[in-house]
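K.L.:
Here you go, one structure.
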Amino acid sequence: MRRDVRILLVGDEGVGKSTIITSLIKEAYVAHVQHIVPEVTIPPEVTPENVTTYIVDSGAAQHDRAHLESEIRKAHVICVVYAIDNPNSFQRVPTYWLPHFRKLGVNIPVILVGNKIDLRGGEVTNQALEDEIEPIMQEFKEVESCIECSAKLPLNVSEVFYLAQKAILHPIAPLYDSHHHVLKPLCAAALQRIFKLCDVNQDGILDSAELDAFQRKCFDAPLQQQEVEGIKAMVRAHDPSGVHGDDGLTESGFLYLHTKFIQRARLETTWTVLRRFGYGEDLKLTEAFLWPKFDVPSDCSVELSHKGYQFFTEIFHVYDKDQDGSLSAAELADIFSTSPGNPWSSQGFPATTTSDDAGRVTLQGWLAQWSMTTLLEHKTTLSYLAYFGYPGETRTEALLVTKPRRSERRKGKVTRNTFLVYVCGGTGSGKTALLRAFTGKPYKTQYESTTKPISVVNSVEYQAGEKYLVLQEFGSRAEPEALRNSKKTDVADVIVYVYDSSDTNSFSYISNLRQQYSLDHIPTLFVATKSDLDLAHQRHEVQPDVYCRRLGIQGPLAVSVKEGELAELFQTIVSIAIRPHSAMPGGADRSLSLLSPPRIRTLFAMTAFLGGASAILMVVLRSWA
């Protein structure tokens, strides 16, 4: 929200602009004032809205024109003052002043101020004032409101500036259609989303407890039961469908309540609610709300914390209306109704994770999918925590930053829970079949070429616990580009080389791949697929088992996806990710040298050299002795 407001008073000569400002400052009428009062600054602690307020006077004479136009362009809100006893000054509001602002290209809120009501003869009703102002407000949408005052009495003087402040801090234009007397579509949509987020049990009603939680969140104060009953009575009197029996407010009742707030000039109430739920002046969720500051060092990754998993678990159970342990398409649509939509719709979800026989995502698949999203694009998870209404004050507590990858590998044990695995291999080697098997999808007999990167995720039981593996296949076109990109290869926890054990040329592709790109810093596993077929002699200088032995890593795992014989492949990958030394090409010693920063490697080298030098010196000394 804006922290300062600049209010400009304009109008014909003699209407009382300077007197209104002086009356506000002196809290009394001053008969003789300057032609133009100097700019007034009111500190934030003096104003109800706690903002710094600048009040600027102006003149309407010809020699004041340049100064006037300059101030019009700097103003946040303009008060056009006319005199009650001077009809011509009122007539010039729509014929001169308002068109003049448009001519200058200025589109800011305008408050009409009728001064000198002490000089009016007879009483004027609010309806009469509304009838007088209505045609102007219809033609000039920038006119927010109208107020009459008297600088002499003084009467309604402070209210003039309060209205001006509200026009900036709590503008009516984005919220309410004054012509049709209804909420504007964006405002109604925002309030409907807020209602849904506050309806914790998703029964379509805000009961007393939910209304109290809403009140505490927005206004830091409890809602007394008698206040709840008063709200329900007011809504019920307008529309019985706005209240569901004695239970609470329906969505229509909630919208009606805010319509009444706006109509009664309590715009600050609705704006406070909107801003508390992250909305900006354009009634869109602000970037600062969606993506709070969350720094991630380059060698670290992001995972869901316990609170994050707990929140997504609760979301699953709330929206699993039929309690069948899975989310149907309709239930998923309901979950994402408070957001821009399903963030994985273009990725083939729910085929990217585990689902039941009907293709509906299970709780295991739901949590796995968010684990993958958090690892690959943690900003998406942050924003969806906001869209789903994460209840904590700090949404970043739902995420945690892991320890640096290199330092953990040097220690020989990795403590993270979600691992990124690249699956590489030649065309037709069976990479996609492995990914499908990992997520429990049936084996496909017909071959389909992978044309774009695929990412899948599932949980793997490991030592009485659970880890998440994210398997990525790049496709034949994207694979070379991915492997030559050091930023991509540096974040891989394991690289799995897949070859078709029945194809004599399949292993050569992997060997050539490893020669082309620098990949020895990544823990490695070789997988021989299609073990149900006859084993072919590979056209390579050495056979795969010898090749692995020379690298100092375990030999290829033989699997058959078709027969469901996977040889605990995924548990093996997790084991390698957690204890990477045994799977580093060249052995554990070489892995330490690859993972050590250059400065540390230099220090070790110098130590070794000095140690050797001292040993030679000792030999020389002993020979002289």
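Chain labels follow the order of the structure tokens: the first chain is A, the next B, and so on; residue numbering restarts at 1 in every chain, and ligands are counted from 1 in their shown order.
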Write out as a list in words the residues lying within 9 Å of Phe254 in chain A, counting only C-alpha atoms and excluding same-chain residues fewer than 3 positions away.
P.N.:
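These residues fall inside the cut-off: Leu191, Gln192, Phe195, Leu206, Val235, Gly242, Leu249, Thr250, Glu251, Leu257, His258 and Thr259 of chain A.
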K.L.:
Quick one: residues within 12 Å of Val496 in chain A, only C-alpha atoms counted, chain neighbours fewer than 6 positions away excluded, as an NGL selection string?
P.N.:
:A and (420-425 or 430-431 or 434-435 or 471-473 or 510 or 514 or 519 or 522-529 or 556-557 or 569-570 or 572-574 or 576-577 or 583)
K.L.:
Any chance you can output those residues with N, CA, C and O atoms as a CSV table (one decimal), in the first residue's frame?
P.N.:
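The resulting file, part_12.csv, is reproduced below:
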chain,number,residue,atom,x,y,z
A,420,LEU,N,17.8,-35.9,-8.0
A,420,LEU,CA,17.6,-35.8,-9.5
A,420,LEU,C,18.5,-36.7,-10.2
A,420,LEU,O,19.7,-36.8,-10.0
A,421,VAL,N,17.9,-37.5,-11.1
A,421,VAL,CA,18.6,-38.6,-11.8
A,421,VAL,C,18.4,-38.4,-13.3
A,421,VAL,O,17.2,-38.3,-13.8
A,422,TYR,N,19.5,-38.3,-14.0
A,422,TYR,CA,19.4,-38.2,-15.5
A,422,TYR,C,19.5,-39.7,-16.1
A,422,TYR,O,20.4,-40.4,-15.7
A,423,VAL,N,18.6,-40.0,-17.0
A,423,VAL,CA,18.5,-41.3,-17.6
A,423,VAL,C,18.9,-41.1,-19.1
A,423,VAL,O,18.2,-40.4,-19.8
A,424,CYS,N,20.1,-41.6,-19.5
A,424,CYS,CA,20.6,-41.3,-20.8
A,424,CYS,C,20.8,-42.6,-21.6
A,424,CYS,O,21.1,-43.7,-20.9
A,425,GLY,N,20.8,-42.6,-22.9
A,425,GLY,CA,21.0,-43.7,-23.7
A,425,GLY,C,20.5,-43.5,-25.1
A,425,GLY,O,19.9,-42.5,-25.4
A,430,GLY,N,15.3,-48.2,-24.2
A,430,GLY,CA,14.3,-48.5,-23.1
A,430,GLY,C,14.3,-47.5,-22.0
A,430,GLY,O,13.8,-47.8,-20.9
A,431,LYS,N,14.7,-46.3,-22.2
A,431,LYS,CA,14.7,-45.3,-21.2
A,431,LYS,C,13.2,-45.0,-20.7
A,431,LYS,O,12.9,-45.0,-19.5
A,434,LEU,N,11.6,-47.6,-18.6
A,434,LEU,CA,12.0,-47.5,-17.2
A,434,LEU,C,11.3,-46.4,-16.5
A,434,LEU,O,10.8,-46.7,-15.3
A,435,LEU,N,11.1,-45.3,-17.1
A,435,LEU,CA,10.4,-44.2,-16.4
A,435,LEU,C,8.9,-44.6,-16.2
A,435,LEU,O,8.3,-44.3,-15.1
A,471,LEU,N,13.3,-38.8,-12.1
A,471,LEU,CA,14.0,-39.3,-13.2
A,471,LEU,C,13.7,-38.4,-14.4
A,471,LEU,O,12.5,-38.2,-14.7
A,472,GLN,N,14.8,-38.0,-15.1
A,472,GLN,CA,14.6,-37.1,-16.3
A,472,GLN,C,15.2,-37.8,-17.5
A,472,GLN,O,16.4,-38.2,-17.5
A,473,GLU,N,14.4,-37.9,-18.6
A,473,GLU,CA,14.9,-38.3,-19.9
A,473,GLU,C,14.8,-37.1,-20.8
A,473,GLU,O,13.8,-36.5,-20.9
A,510,ILE,N,26.7,-45.0,-25.5
A,510,ILE,CA,27.0,-44.5,-24.2
A,510,ILE,C,28.5,-44.2,-24.1
A,510,ILE,O,28.9,-43.1,-23.5
A,514,ARG,N,30.1,-40.5,-23.2
A,514,ARG,CA,31.0,-40.2,-22.0
A,514,ARG,C,32.3,-39.6,-22.5
A,514,ARG,O,32.9,-38.8,-21.8
A,519,LEU,N,31.5,-35.9,-17.5
A,519,LEU,CA,30.5,-36.4,-16.7
A,519,LEU,C,31.0,-37.2,-15.5
A,519,LEU,O,30.2,-37.8,-14.8
A,522,ILE,N,29.8,-37.1,-11.7
A,522,ILE,CA,28.4,-37.5,-11.3
A,522,ILE,C,28.4,-39.0,-11.0
A,522,ILE,O,28.9,-39.8,-11.8
A,523,PRO,N,27.9,-39.4,-9.8
A,523,PRO,CA,27.8,-40.8,-9.5
A,523,PRO,C,27.0,-41.5,-10.7
A,523,PRO,O,26.1,-41.0,-11.2
A,524,THR,N,27.5,-42.7,-11.0
A,524,THR,CA,27.1,-43.4,-12.3
A,524,THR,C,26.6,-44.8,-12.0
A,524,THR,O,27.2,-45.5,-11.2
A,525,LEU,N,25.6,-45.1,-12.8
A,525,LEU,CA,25.1,-46.5,-12.8
A,525,LEU,C,24.8,-46.9,-14.3
A,525,LEU,O,24.2,-46.1,-15.0
A,526,PHE,N,25.2,-48.1,-14.7
A,526,PHE,CA,24.9,-48.6,-16.0
A,526,PHE,C,23.7,-49.6,-15.9
A,526,PHE,O,23.7,-50.5,-14.9
A,527,VAL,N,22.8,-49.6,-16.8
A,527,VAL,CA,21.7,-50.5,-16.8
A,527,VAL,C,21.5,-51.1,-18.1
A,527,VAL,O,21.5,-50.5,-19.2
A,528,ALA,N,21.5,-52.5,-18.1
A,528,ALA,CA,21.3,-53.3,-19.3
A,528,ALA,C,19.9,-53.7,-19.4
A,528,ALA,O,19.4,-54.5,-18.6
A,529,THR,N,19.1,-53.1,-20.3
A,529,THR,CA,17.7,-53.4,-20.5
A,529,THR,C,17.4,-54.6,-21.4
A,529,THR,O,18.4,-55.1,-22.1
A,556,PRO,N,26.9,-53.5,-14.9
A,556,PRO,CA,25.6,-53.1,-15.3
A,556,PRO,C,24.5,-54.0,-14.6
A,556,PRO,O,24.7,-55.2,-14.4
A,557,LEU,N,23.4,-53.3,-14.2
A,557,LEU,CA,22.3,-54.0,-13.7
A,557,LEU,C,21.4,-54.5,-14.9
A,557,LEU,O,21.0,-53.7,-15.7
A,569,LEU,N,16.3,-51.9,-9.0
A,569,LEU,CA,17.0,-50.8,-9.6
A,569,LEU,C,16.9,-49.5,-8.9
A,569,LEU,O,17.9,-48.8,-8.7
A,570,PHE,N,15.7,-49.1,-8.5
A,570,PHE,CA,15.5,-47.8,-7.9
A,570,PHE,C,16.0,-47.6,-6.5
A,570,PHE,O,16.5,-46.6,-6.1
A,572,THR,N,18.7,-49.2,-5.7
A,572,THR,CA,20.1,-49.0,-6.0
A,572,THR,C,20.5,-47.6,-6.3
A,572,THR,O,21.5,-47.0,-5.8
A,573,ILE,N,19.6,-46.9,-7.1
A,573,ILE,CA,19.9,-45.5,-7.4
A,573,ILE,C,19.9,-44.7,-6.2
A,573,ILE,O,20.7,-43.8,-6.0
A,574,VAL,N,18.9,-44.9,-5.3
A,574,VAL,CA,18.8,-44.1,-4.0
A,574,VAL,C,20.1,-44.4,-3.2
A,574,VAL,O,20.7,-43.4,-2.7
A,576,ILE,N,23.1,-45.1,-4.2
A,576,ILE,CA,24.2,-44.4,-4.9
A,576,ILE,C,24.1,-42.9,-4.6
A,576,ILE,O,25.1,-42.3,-4.3
A,577,ALA,N,22.9,-42.4,-4.6
A,577,ALA,CA,22.7,-40.9,-4.4
A,577,ALA,C,23.1,-40.6,-3.0
A,577,ALA,O,23.7,-39.5,-2.7
A,583,ALA,N,30.2,-45.0,-6.5
A,583,ALA,CA,29.7,-45.0,-7.9
A,583,ALA,C,30.4,-43.9,-8.7
A,583,ALA,O,29.9,-43.6,-9.8
K.L.:
Give me the residues near Leu327 in chain A as a VMD selection string, where near means some atom within 9 Å (using only C-alpha atoms) and where sequence neighbours in that chain fewer than 6 positions away do not count.
P.N.:
chain A and resid 316 319 to 321 360 to 363 366
K.L.:
Grab the CA of Phe214 in chain A to CA of Gly248 in chain A distance for me, in Å with one decimal place.
P.N.:
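Atom-to-atom, CA of Phe214 in chain A to CA of Gly248 in chain A, that is 12.8 Å.
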K.L.:
Would you mind writing down, as a PyMOL selection string, each residue of range 207-430 of chain A that DSSP on the backbone assigns to helix (DSSP H, G or I)?
P.N.:
chain A and resi 208-219+225-238+240-242+251-263+267-276+287-290+306-319+329-338+345-347+363-376+378-387+395-398+405-411
K.L.:
Find the residue from A:Ile578, A:Val296, A:Ala164, A:Val318 that sits nearest to Val200 in chain A; use only C-alpha atoms when measuring.
P.N.:
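Answer, going by the shortest atom-to-atom distance: A:Val318.
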K.L.:
Can you pull out the residues contacting range 414-419 of chain A? Cut-off 10 Å, using only C-alpha atoms, and skip same-chain residues under 5 positions away; I want them as number ranges by chain.
P.N.:
A: 301-304, 368, 371-372, 374-375, 401-409, 457-459, 465-471, 491-494, 573-580
K.L.:
Can I get the selected residues back with C-alpha atoms, as a PDB file, in the first residue's frame?
P.N.:
ATOM      1  CA  SER A 301      18.583 -27.558  -3.797  1.00  0.00           C
ATOM      2  CA  VAL A 302      15.118 -27.022  -2.311  1.00  0.00           C
ATOM      3  CA  GLU A 303      12.824 -29.583  -0.721  1.00  0.00           C
ATOM      4  CA  LEU A 304       9.508 -29.515   1.092  1.00  0.00           C
ATOM      5  CA  ALA A 368       5.727 -36.920  -5.049  1.00  0.00           C
ATOM      6  CA  SER A 371       8.466 -32.931  -4.289  1.00  0.00           C
ATOM      7  CA  MET A 372       9.568 -32.868  -7.930  1.00  0.00           C
ATOM      8  CA  THR A 374       9.936 -28.066  -5.438  1.00  0.00           C
ATOM      9  CA  LEU A 375      13.235 -29.590  -6.567  1.00  0.00           C
ATOM     10  CA  VAL A 401      17.314 -25.462   1.563  1.00  0.00           C
ATOM     11  CA  THR A 402      19.575 -28.500   1.502  1.00  0.00           C
ATOM     12  CA  LYS A 403      23.237 -28.583   2.380  1.00  0.00           C
ATOM     13  CA  PRO A 404      25.666 -27.900  -0.500  1.00  0.00           C
ATOM     14  CA  ARG A 405      25.874 -30.888  -2.840  1.00  0.00           C
ATOM     15  CA  ARG A 406      29.678 -30.942  -3.174  1.00  0.00           C
ATOM     16  CA  SER A 407      30.412 -30.728   0.542  1.00  0.00           C
ATOM     17  CA  GLU A 408      28.044 -33.624   1.284  1.00  0.00           C
ATOM     18  CA  ARG A 409      29.609 -35.753  -1.424  1.00  0.00           C
ATOM     19  CA  VAL A 457       8.747 -38.874  -9.810  1.00  0.00           C
ATOM     20  CA  ASN A 458       7.957 -41.482  -7.210  1.00  0.00           C
ATOM     21  CA  SER A 459       8.894 -42.373  -3.668  1.00  0.00           C
ATOM     22  CA  GLY A 465      12.318 -44.346   5.414  1.00  0.00           C
ATOM     23  CA  GLU A 466      11.212 -42.776   2.158  1.00  0.00           C
ATOM     24  CA  LYS A 467      13.150 -40.899  -0.500  1.00  0.00           C
ATOM     25  CA  TYR A 468      11.945 -39.280  -3.717  1.00  0.00           C
ATOM     26  CA  LEU A 469      13.586 -39.897  -7.070  1.00  0.00           C
ATOM     27  CA  VAL A 470      13.044 -37.536  -9.997  1.00  0.00           C
ATOM     28  CA  LEU A 471      13.988 -39.317 -13.233  1.00  0.00           C
ATOM     29  CA  VAL A 491      22.715 -30.496 -10.196  1.00  0.00           C
ATOM     30  CA  ALA A 492      22.406 -34.195 -11.101  1.00  0.00           C
ATOM     31  CA  ASP A 493      22.691 -36.593  -8.179  1.00  0.00           C
ATOM     32  CA  VAL A 494      23.063 -39.738 -10.312  1.00  0.00           C
ATOM     33  CA  ILE A 573      19.864 -45.525  -7.415  1.00  0.00           C
ATOM     34  CA  VAL A 574      18.831 -44.136  -4.027  1.00  0.00           C
ATOM     35  CA  SER A 575      21.740 -45.935  -2.365  1.00  0.00           C
ATOM     36  CA  ILE A 576      24.162 -44.405  -4.873  1.00  0.00           C
ATOM     37  CA  ALA A 577      22.675 -40.936  -4.395  1.00  0.00           C
ATOM     38  CA  ILE A 578      23.080 -41.173  -0.617  1.00  0.00           C
ATOM     39  CA  ARG A 579      26.550 -42.775  -0.680  1.00  0.00           C
ATOM     40  CA  PRO A 580      28.043 -41.532  -3.960  1.00  0.00           C
TER      41      PRO A 580
END
K.L.:
Determine which residues of range 433-579 of chain A receive a DSSP assignment of strand (DSSP E or B), computed from the backbone, and state them as a ChimeraX atom specification.
P.N.:
/A:454-462,465-473,494-500,524-529,557-558,560,565
K.L.:
So that I have them on file, write out the residues from the current selection with N, CA, C and O atoms, as a CSV table (one decimal), in the first residue's frame.
P.N.:
chain,number,residue,atom,x,y,z
A,454,ILE,N,11.3,-35.5,-20.5
A,454,ILE,CA,10.2,-36.1,-19.7
A,454,ILE,C,10.8,-36.2,-18.3
A,454,ILE,O,11.9,-36.6,-18.1
A,455,SER,N,10.0,-35.8,-17.3
A,455,SER,CA,10.3,-35.9,-15.9
A,455,SER,C,9.2,-36.7,-15.1
A,455,SER,O,8.0,-36.4,-15.3
A,456,VAL,N,9.6,-37.7,-14.4
A,456,VAL,CA,8.7,-38.4,-13.6
A,456,VAL,C,9.2,-38.5,-12.2
A,456,VAL,O,10.4,-38.3,-11.9
A,457,VAL,N,8.3,-38.8,-11.2
A,457,VAL,CA,8.7,-38.9,-9.8
A,457,VAL,C,8.0,-40.0,-9.1
A,457,VAL,O,6.8,-40.2,-9.4
A,458,ASN,N,8.6,-40.5,-8.1
A,458,ASN,CA,8.0,-41.5,-7.2
A,458,ASN,C,8.8,-41.6,-5.9
A,458,ASN,O,10.0,-41.2,-5.9
A,459,SER,N,8.2,-42.1,-4.9
A,459,SER,CA,8.9,-42.4,-3.7
A,459,SER,C,9.5,-43.8,-3.7
A,459,SER,O,9.0,-44.7,-4.3
A,460,VAL,N,10.6,-43.9,-3.0
A,460,VAL,CA,11.3,-45.2,-2.9
A,460,VAL,C,11.6,-45.5,-1.4
A,460,VAL,O,12.1,-44.6,-0.7
A,461,GLU,N,11.2,-46.7,-1.0
A,461,GLU,CA,11.5,-47.0,0.4
A,461,GLU,C,13.0,-47.3,0.6
A,461,GLU,O,13.5,-48.1,-0.3
A,462,TYR,N,13.5,-46.8,1.6
A,462,TYR,CA,15.0,-46.9,1.8
A,462,TYR,C,15.3,-46.9,3.3
A,462,TYR,O,15.1,-45.9,4.0
A,465,GLY,N,12.8,-45.7,5.7
A,465,GLY,CA,12.3,-44.3,5.4
A,465,GLY,C,11.8,-44.2,4.0
A,465,GLY,O,11.6,-45.2,3.3
A,466,GLU,N,11.7,-43.0,3.5
A,466,GLU,CA,11.2,-42.8,2.2
A,466,GLU,C,12.0,-41.6,1.5
A,466,GLU,O,12.2,-40.6,2.1
A,467,LYS,N,12.5,-41.9,0.3
A,467,LYS,CA,13.1,-40.9,-0.5
A,467,LYS,C,12.4,-40.7,-1.8
A,467,LYS,O,11.7,-41.6,-2.3
A,468,TYR,N,12.6,-39.6,-2.4
A,468,TYR,CA,11.9,-39.3,-3.7
A,468,TYR,C,13.0,-39.2,-4.8
A,468,TYR,O,14.1,-38.6,-4.7
A,469,LEU,N,12.7,-39.9,-5.9
A,469,LEU,CA,13.6,-39.9,-7.1
A,469,LEU,C,12.9,-39.2,-8.2
A,469,LEU,O,11.7,-39.5,-8.5
A,470,VAL,N,13.5,-38.2,-8.8
A,470,VAL,CA,13.0,-37.5,-10.0
A,470,VAL,C,13.9,-38.0,-11.2
A,470,VAL,O,15.1,-37.8,-11.2
A,471,LEU,N,13.3,-38.8,-12.1
A,471,LEU,CA,14.0,-39.3,-13.2
A,471,LEU,C,13.7,-38.4,-14.4
A,471,LEU,O,12.5,-38.2,-14.7
A,472,GLN,N,14.8,-38.0,-15.1
A,472,GLN,CA,14.6,-37.1,-16.3
A,472,GLN,C,15.2,-37.8,-17.5
A,472,GLN,O,16.4,-38.2,-17.5
A,473,GLU,N,14.4,-37.9,-18.6
A,473,GLU,CA,14.9,-38.3,-19.9
A,473,GLU,C,14.8,-37.1,-20.8
A,473,GLU,O,13.8,-36.5,-20.9
A,494,VAL,N,22.6,-38.5,-9.7
A,494,VAL,CA,23.1,-39.7,-10.3
A,494,VAL,C,22.8,-39.6,-11.8
A,494,VAL,O,21.8,-39.0,-12.2
A,495,ILE,N,23.7,-40.3,-12.6
A,495,ILE,CA,23.4,-40.4,-14.0
A,495,ILE,C,23.3,-41.9,-14.3
A,495,ILE,O,24.2,-42.7,-13.9
A,496,VAL,N,22.2,-42.3,-15.0
A,496,VAL,CA,22.0,-43.7,-15.3
A,496,VAL,C,22.1,-43.9,-16.8
A,496,VAL,O,21.4,-43.2,-17.6
A,497,TYR,N,23.1,-44.7,-17.2
A,497,TYR,CA,23.3,-45.0,-18.7
A,497,TYR,C,22.6,-46.2,-19.0
A,497,TYR,O,22.9,-47.3,-18.5
A,498,VAL,N,21.7,-46.1,-19.9
A,498,VAL,CA,20.8,-47.3,-20.3
A,498,VAL,C,21.3,-47.7,-21.7
A,498,VAL,O,21.4,-47.0,-22.7
A,499,TYR,N,21.4,-49.1,-21.9
A,499,TYR,CA,21.7,-49.6,-23.2
A,499,TYR,C,20.9,-50.9,-23.3
A,499,TYR,O,20.6,-51.6,-22.4
A,500,ASP,N,20.6,-51.2,-24.6
A,500,ASP,CA,19.8,-52.4,-24.9
A,500,ASP,C,20.8,-53.6,-25.0
A,500,ASP,O,21.6,-53.7,-25.9
A,524,THR,N,27.5,-42.7,-11.0
A,524,THR,CA,27.1,-43.4,-12.3
A,524,THR,C,26.6,-44.8,-12.0
A,524,THR,O,27.2,-45.5,-11.2
A,525,LEU,N,25.6,-45.1,-12.8
A,525,LEU,CA,25.1,-46.5,-12.8
A,525,LEU,C,24.8,-46.9,-14.3
A,525,LEU,O,24.2,-46.1,-15.0
A,526,PHE,N,25.2,-48.1,-14.7
A,526,PHE,CA,24.9,-48.6,-16.0
A,526,PHE,C,23.7,-49.6,-15.9
A,526,PHE,O,23.7,-50.5,-14.9
A,527,VAL,N,22.8,-49.6,-16.8
A,527,VAL,CA,21.7,-50.5,-16.8
A,527,VAL,C,21.5,-51.1,-18.1
A,527,VAL,O,21.5,-50.5,-19.2
A,528,ALA,N,21.5,-52.5,-18.1
A,528,ALA,CA,21.3,-53.3,-19.3
A,528,ALA,C,19.9,-53.7,-19.4
A,528,ALA,O,19.4,-54.5,-18.6
A,529,THR,N,19.1,-53.1,-20.3
A,529,THR,CA,17.7,-53.4,-20.5
A,529,THR,C,17.4,-54.6,-21.4
A,529,THR,O,18.4,-55.1,-22.1
A,557,LEU,N,23.4,-53.3,-14.2
A,557,LEU,CA,22.3,-54.0,-13.7
A,557,LEU,C,21.4,-54.5,-14.9
A,557,LEU,O,21.0,-53.7,-15.7
A,558,ALA,N,21.1,-55.8,-14.9
A,558,ALA,CA,20.3,-56.4,-16.0
A,558,ALA,C,18.9,-56.3,-15.6
A,558,ALA,O,18.5,-56.9,-14.5
A,560,SER,N,14.5,-56.3,-17.0
A,560,SER,CA,13.5,-56.5,-18.1
A,560,SER,C,12.2,-55.8,-17.6
A,560,SER,O,11.5,-56.3,-16.7
A,565,GLU,N,11.0,-57.5,-14.2
A,565,GLU,CA,12.2,-57.8,-13.4
A,565,GLU,C,13.2,-56.6,-13.4
A,565,GLU,O,13.9,-56.3,-14.3
